[in-house]
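A.B. asks: Sending over a structure as structure tokens; questions will come in a sec.
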Amino acid sequence: MSAEETPSPAAGQHASGSTAAAGQADAGAAAATGENPAAAAARLTVGVLGGTGDQGRGLACRLGLAGNQVVIGSRDPARAVAAAATVGPPPRVTGASNEEAARAADVVIAAIPWEGHRDLLAQLAGALRGKILIDCVNPLAFDSRGAYPVRVDEGSAAEQAAQVLPGCTVVGAFHHVSAKLLLDPDIAEVDLDVLVLGDDRRATDLVQALAERIPGARGVYAGRLRNCAQVEALTANLVSINRRYKAHAGLRITDI
Ligand SMILES: NC(=O)c1ccc[n+]([C@@H]2O[C@H](COP(=O)([O-])OP(=O)(O)OC[C@H]3O[C@@H](n4cnc5c(N)ncnc54)[C@H](OP(=O)(O)O)[C@@H]3O)[C@@H](O)[C@H]2O)c1
């Protein structure tokens, strides 16, 4: 049976804040029992690399509100603690170094700029080993004509992560989720689909379920990691849409 055909994960029973080892063991138990990915996602401790930025704080905020334990990571732990205090709810969202956030989490979101992507992930390879790494990084550049995708030797940011982190299961997701919407306390529901890409069915199912913990978001499987480049690049189109229409546009996939 290929990874693509492996059954969905089911939840283990570890409490929020559990160790990554517990998360891995639970994921295995989940796969064995065929339990619902939503139940597994509810128990995940989520680390956010670069969680002091808008995207990381936005995801931390929504997942914390949904009941997940979240550890915001930073190159400067004091900055992470300060960021955690701004998104709350305490003590569900905490701050630490990127490495501590990676070690404490069951799944880790990379919410860092493209420019620092490879180096930071390479530094954290040990802490991330055996975990699911969710990559939402869009390799974009900007000039007077707006945003455009940059060439990535590995194909995409997510594929670069997979190359740098051979011991990790990399999933692409949250590329098109506007941080502005996530951080707006007046927006109860975000109204968008989250495209989820990866080569391991158990991991993509889990990340889809995690995305759906954000009110108004639906996780949609969108293909293998090799198809992540155009998903990342599409963000340049969304930036253009946002500029023209003064919006924070998201995607909806029809007929599913
Ligand atoms: N903003 C959005 O609406 C949005 C939506 C979808 C996807 N994304 C993607 O999410 C990622 C983060 O976006 P953002 O707007 O939150 O970015 P950002 O604010 O520029 O950066 C996020 C954090 O990354 C850390 N960082 C900055 N430069 C770094 C480097 N060279 N090496 C390691 N860490 C570095 C910083 O944290 P410390 O200084 O505390 O370490 C910073 O607070 C981007 O790749 C973007 O494409 C963003």
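Labels used: A, B, ... for chains in the order of the structure tokens, numbers from 1 for residues in each chain, and numbers from 1 for ligands as shown.
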Just want the 10 Å neighbourhood of range 153-167 of chain A, counted on only C-alpha atoms, with same-chain residues fewer than 5 positions away dropped. Output as a PyMOL selection string.
C.D. replies: chain A and resi 110+114+117-126+128-139+172-173+197-198+225-233
A.B. asks: Write out as a ChimeraX atom specification all residues of range 107-196 of chain A that backbone DSSP assigns to strand (DSSP E).
C.D. replies: /A:107-110,132-135,140-143,146-149,169-172,192-196
A.B. asks: Any chance you can output those residues with C-alpha atoms as a PDB file, in the first residue's frame?
C.D. replies:
ATOM      1  CA  VAL A 107       3.211  19.250  14.222  1.00  0.00           C
ATOM      2  CA  VAL A 108       5.206  22.353  13.321  1.00  0.00           C
ATOM      3  CA  ILE A 109       4.186  25.182  11.003  1.00  0.00           C
ATOM      4  CA  ALA A 110       6.981  27.034   9.185  1.00  0.00           C
ATOM      5  CA  ILE A 132       4.964  16.710  10.397  1.00  0.00           C
ATOM      6  CA  LEU A 133       6.234  20.046   9.078  1.00  0.00           C
ATOM      7  CA  ILE A 134       3.503  22.248   7.601  1.00  0.00           C
ATOM      8  CA  ASP A 135       5.003  24.680   5.125  1.00  0.00           C
ATOM      9  CA  LEU A 140       7.624  35.615  -3.811  1.00  0.00           C
ATOM     10  CA  ALA A 141       9.399  38.812  -4.713  1.00  0.00           C
ATOM     11  CA  PHE A 142       7.950  42.258  -5.266  1.00  0.00           C
ATOM     12  CA  ASP A 143       8.772  45.028  -7.702  1.00  0.00           C
ATOM     13  CA  GLY A 146       3.606  43.813  -7.901  1.00  0.00           C
ATOM     14  CA  ALA A 147       4.272  40.318  -6.592  1.00  0.00           C
ATOM     15  CA  TYR A 148       5.770  37.494  -8.627  1.00  0.00           C
ATOM     16  CA  PRO A 149       7.032  33.968  -7.839  1.00  0.00           C
ATOM     17  CA  THR A 169       6.864  14.476   6.721  1.00  0.00           C
ATOM     18  CA  VAL A 170       6.333  17.759   4.877  1.00  0.00           C
ATOM     19  CA  VAL A 171       2.849  19.022   4.081  1.00  0.00           C
ATOM     20  CA  GLY A 172       2.064  22.256   2.228  1.00  0.00           C
ATOM     21  CA  LEU A 192     -12.079  29.887   2.586  1.00  0.00           C
ATOM     22  CA  ASP A 193     -10.583  26.569   1.564  1.00  0.00           C
ATOM     23  CA  VAL A 194      -7.113  25.558   2.673  1.00  0.00           C
ATOM     24  CA  LEU A 195      -5.313  23.590  -0.036  1.00  0.00           C
ATOM     25  CA  VAL A 196      -3.318  20.772   1.560  1.00  0.00           C
TER      26      VAL A 196
END
A.B. asks: I want to know what sits within 10 Å of Leu181 in chain A, based on only C-alpha atoms, with residues of the same chain fewer than 3 positions away left out; could you give that as a PyMOL selection string?
C.D. replies: chain A and resi 55+58+177-178+184-191+248-250
A.B. asks: Would you list, as a PyMOL selection string, the residues of range 175-207 of chain A that end up in alpha helix (DSSP H) under DSSP run on this structure's backbone?
C.D. replies: chain A and resi 179-183+201-207
A.B. asks: Residues of the last selection are to be written out with N, CA and C atoms, as a PDB file, in the first residue's frame.
C.D. replies:
ATOM      1  N   ALA A 179      -3.317  36.537   6.839  1.00  0.00           N
ATOM      2  CA  ALA A 179      -3.043  36.816   8.250  1.00  0.00           C
ATOM      3  C   ALA A 179      -3.952  37.925   8.781  1.00  0.00           C
ATOM      4  N   LYS A 180      -4.256  38.870   7.924  1.00  0.00           N
ATOM      5  CA  LYS A 180      -5.125  39.985   8.355  1.00  0.00           C
ATOM      6  C   LYS A 180      -6.474  39.459   8.830  1.00  0.00           C
ATOM      7  N   LEU A 181      -7.018  38.487   8.091  1.00  0.00           N
ATOM      8  CA  LEU A 181      -8.308  37.914   8.497  1.00  0.00           C
ATOM      9  C   LEU A 181      -8.158  37.120   9.789  1.00  0.00           C
ATOM     10  N   LEU A 182      -7.089  36.332   9.857  1.00  0.00           N
ATOM     11  CA  LEU A 182      -6.892  35.500  11.051  1.00  0.00           C
ATOM     12  C   LEU A 182      -6.778  36.356  12.303  1.00  0.00           C
ATOM     13  N   LEU A 183      -6.156  37.513  12.151  1.00  0.00           N
ATOM     14  CA  LEU A 183      -5.892  38.355  13.332  1.00  0.00           C
ATOM     15  C   LEU A 183      -7.015  39.338  13.640  1.00  0.00           C
ATOM     16  N   ARG A 201      -0.793  10.273   3.026  1.00  0.00           N
ATOM     17  CA  ARG A 201      -2.232  10.464   3.222  1.00  0.00           C
ATOM     18  C   ARG A 201      -2.597  10.715   4.680  1.00  0.00           C
ATOM     19  N   ARG A 202      -1.927  10.001   5.577  1.00  0.00           N
ATOM     20  CA  ARG A 202      -2.213  10.169   6.994  1.00  0.00           C
ATOM     21  C   ARG A 202      -1.915  11.612   7.425  1.00  0.00           C
ATOM     22  N   ALA A 203      -0.797  12.147   6.917  1.00  0.00           N
ATOM     23  CA  ALA A 203      -0.409  13.512   7.298  1.00  0.00           C
ATOM     24  C   ALA A 203      -1.324  14.548   6.660  1.00  0.00           C
ATOM     25  N   THR A 204      -1.685  14.371   5.390  1.00  0.00           N
ATOM     26  CA  THR A 204      -2.558  15.376   4.758  1.00  0.00           C
ATOM     27  C   THR A 204      -3.951  15.346   5.380  1.00  0.00           C
ATOM     28  N   ASP A 205      -4.433  14.157   5.722  1.00  0.00           N
ATOM     29  CA  ASP A 205      -5.740  14.087   6.399  1.00  0.00           C
ATOM     30  C   ASP A 205      -5.689  14.844   7.729  1.00  0.00           C
ATOM     31  N   LEU A 206      -4.606  14.655   8.446  1.00  0.00           N
ATOM     32  CA  LEU A 206      -4.480  15.314   9.759  1.00  0.00           C
ATOM     33  C   LEU A 206      -4.410  16.832   9.600  1.00  0.00           C
ATOM     34  N   VAL A 207      -3.658  17.290   8.602  1.00  0.00           N
ATOM     35  CA  VAL A 207      -3.528  18.741   8.396  1.00  0.00           C
ATOM     36  C   VAL A 207      -4.847  19.339   7.883  1.00  0.00           C
TER      37      VAL A 207
END
A.B. asks: Can you work out which one of A:Pro90, A:Pro77, A:Gly67, A:Gly95 has the shortest atom-to-atom distance to Ala42 in chain A, counting only C-alpha atoms?
C.D. replies: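 The closest residue to Ala42 in chain A is A:Gly67.
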A.B. asks: How far is it from atom 33 (C, counted along the ligand's line) of ligand 1 to CA of Arg75 in chain A, in Å with one decimal?
C.D. replies: 6.8 Å
A.B. asks: A:Gly219, A:Gly73, A:Pro113, A:Pro91: which is nearest ligand 1, counting only C-alpha atoms and all ligand atoms?
C.D. replies: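 Comparing A:Gly219, A:Gly73, A:Pro113, A:Pro91 against ligand 1, the winner is A:Pro113.
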A.B. asks: Rounded to one decimal place, report the CA of Gly216 in chain A-CA of Ala83 in chain A distance in Å.
C.D. replies: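 For CA of Gly216 in chain A relative to CA of Ala83 in chain A, the distance reads 24.2 Å.
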A.B. asks: I'd like the neighbourhood of Gly56 in chain A as JSON, numbers by chain, where a residue qualifies if any of its atoms comes within 9 Å (using only C-alpha atoms), though same-chain residues fewer than 2 positions away should be ignored.
C.D. replies: {"A": [48, 49, 50, 51, 52, 53, 54, 58, 59, 60, 61, 72, 73, 109, 110, 111, 112, 179]}
A.B. asks: Write a file of the selected residues as an mmCIF file, in the first residue's frame, keeping N, CA and C atoms.
C.D. replies:
data_model
loop_
_atom_site.group_PDB
_atom_site.id
_atom_site.type_symbol
_atom_site.label_atom_id
_atom_site.label_comp_id
_atom_site.auth_asym_id
_atom_site.auth_seq_id
_atom_site.Cartn_x
_atom_site.Cartn_y
_atom_site.Cartn_z
ATOM 1 N N VAL A 48 5.001 26.886 16.010
ATOM 2 C CA VAL A 48 4.981 27.812 14.873
ATOM 3 C C VAL A 48 6.348 28.487 14.775
ATOM 4 N N LEU A 49 7.139 28.080 13.792
ATOM 5 C CA LEU A 49 8.449 28.723 13.578
ATOM 6 C C LEU A 49 8.214 30.106 12.988
ATOM 7 N N GLY A 50 8.891 31.105 13.527
ATOM 8 C CA GLY A 50 8.629 32.469 13.064
ATOM 9 C C GLY A 50 7.233 32.925 13.460
ATOM 10 N N GLY A 51 6.755 32.412 14.563
ATOM 11 C CA GLY A 51 5.385 32.702 14.997
ATOM 12 C C GLY A 51 5.174 34.123 15.497
ATOM 13 N N THR A 52 6.232 34.917 15.498
ATOM 14 C CA THR A 52 6.087 36.322 15.898
ATOM 15 C C THR A 52 5.561 37.187 14.760
ATOM 16 N N GLY A 53 5.592 36.666 13.527
ATOM 17 C CA GLY A 53 5.093 37.428 12.378
ATOM 18 C C GLY A 53 3.579 37.341 12.278
ATOM 19 N N ASP A 54 3.033 38.078 11.332
ATOM 20 C CA ASP A 54 1.566 38.119 11.212
ATOM 21 C C ASP A 54 0.959 36.745 10.950
ATOM 22 N N GLY A 58 -1.364 34.828 13.531
ATOM 23 C CA GLY A 58 -2.751 34.588 13.121
ATOM 24 C C GLY A 58 -3.143 33.130 13.275
ATOM 25 N N LEU A 59 -2.281 32.238 12.812
ATOM 26 C CA LEU A 59 -2.582 30.800 12.938
ATOM 27 C C LEU A 59 -2.564 30.385 14.410
ATOM 28 N N ALA A 60 -1.605 30.898 15.162
ATOM 29 C CA ALA A 60 -1.535 30.572 16.596
ATOM 30 C C ALA A 60 -2.807 31.024 17.310
ATOM 31 N N CYS A 61 -3.251 32.203 16.961
ATOM 32 C CA CYS A 61 -4.447 32.769 17.594
ATOM 33 C C CYS A 61 -5.658 31.870 17.336
ATOM 34 N N ILE A 72 4.538 29.349 20.098
ATOM 35 C CA ILE A 72 5.108 30.290 19.130
ATOM 36 C C ILE A 72 6.624 30.251 19.251
ATOM 37 N N GLY A 73 7.302 30.105 18.125
ATOM 38 C CA GLY A 73 8.753 30.093 18.134
ATOM 39 C C GLY A 73 9.334 31.353 17.517
ATOM 40 N N ILE A 109 4.460 24.336 12.166
ATOM 41 C CA ILE A 109 4.186 25.182 11.003
ATOM 42 C C ILE A 109 5.398 26.085 10.765
ATOM 43 N N ALA A 110 5.913 26.096 9.537
ATOM 44 C CA ALA A 110 6.981 27.034 9.185
ATOM 45 C C ALA A 110 6.319 28.299 8.644
ATOM 46 N N ALA A 111 6.383 29.369 9.425
ATOM 47 C CA ALA A 111 5.760 30.647 9.031
ATOM 48 C C ALA A 111 6.834 31.728 8.988
ATOM 49 N N ILE A 112 7.857 31.448 8.215
ATOM 50 C CA ILE A 112 9.028 32.327 8.114
ATOM 51 C C ILE A 112 9.146 32.849 6.682
ATOM 52 N N ALA A 179 -3.317 36.537 6.839
ATOM 53 C CA ALA A 179 -3.043 36.816 8.250
ATOM 54 C C ALA A 179 -3.952 37.925 8.781
#
A.B. asks: I want to know what sits within 7 Å of Ala102 in chain A, based on only C-alpha atoms, with residues of the same chain fewer than 2 positions away left out; could you give that as a VMD selection string?
C.D. replies: chain A and resid 47 98 to 100 104 to 105 108 127 to 128
A.B. asks: Would you compute the distance between CA of Ala80 in chain A and CA of Ala66 in chain A? Give it in Å to one decimal.
C.D. replies: 20.0 Å
A.B. asks: Counting only C-alpha atoms, what is within 9 Å of Ala38 in chain A, bar same-chain residues fewer than 5 positions away, as a PyMOL selection string?
C.D. replies: chain A and resi 10-11+43+205-206+208-210+212-213
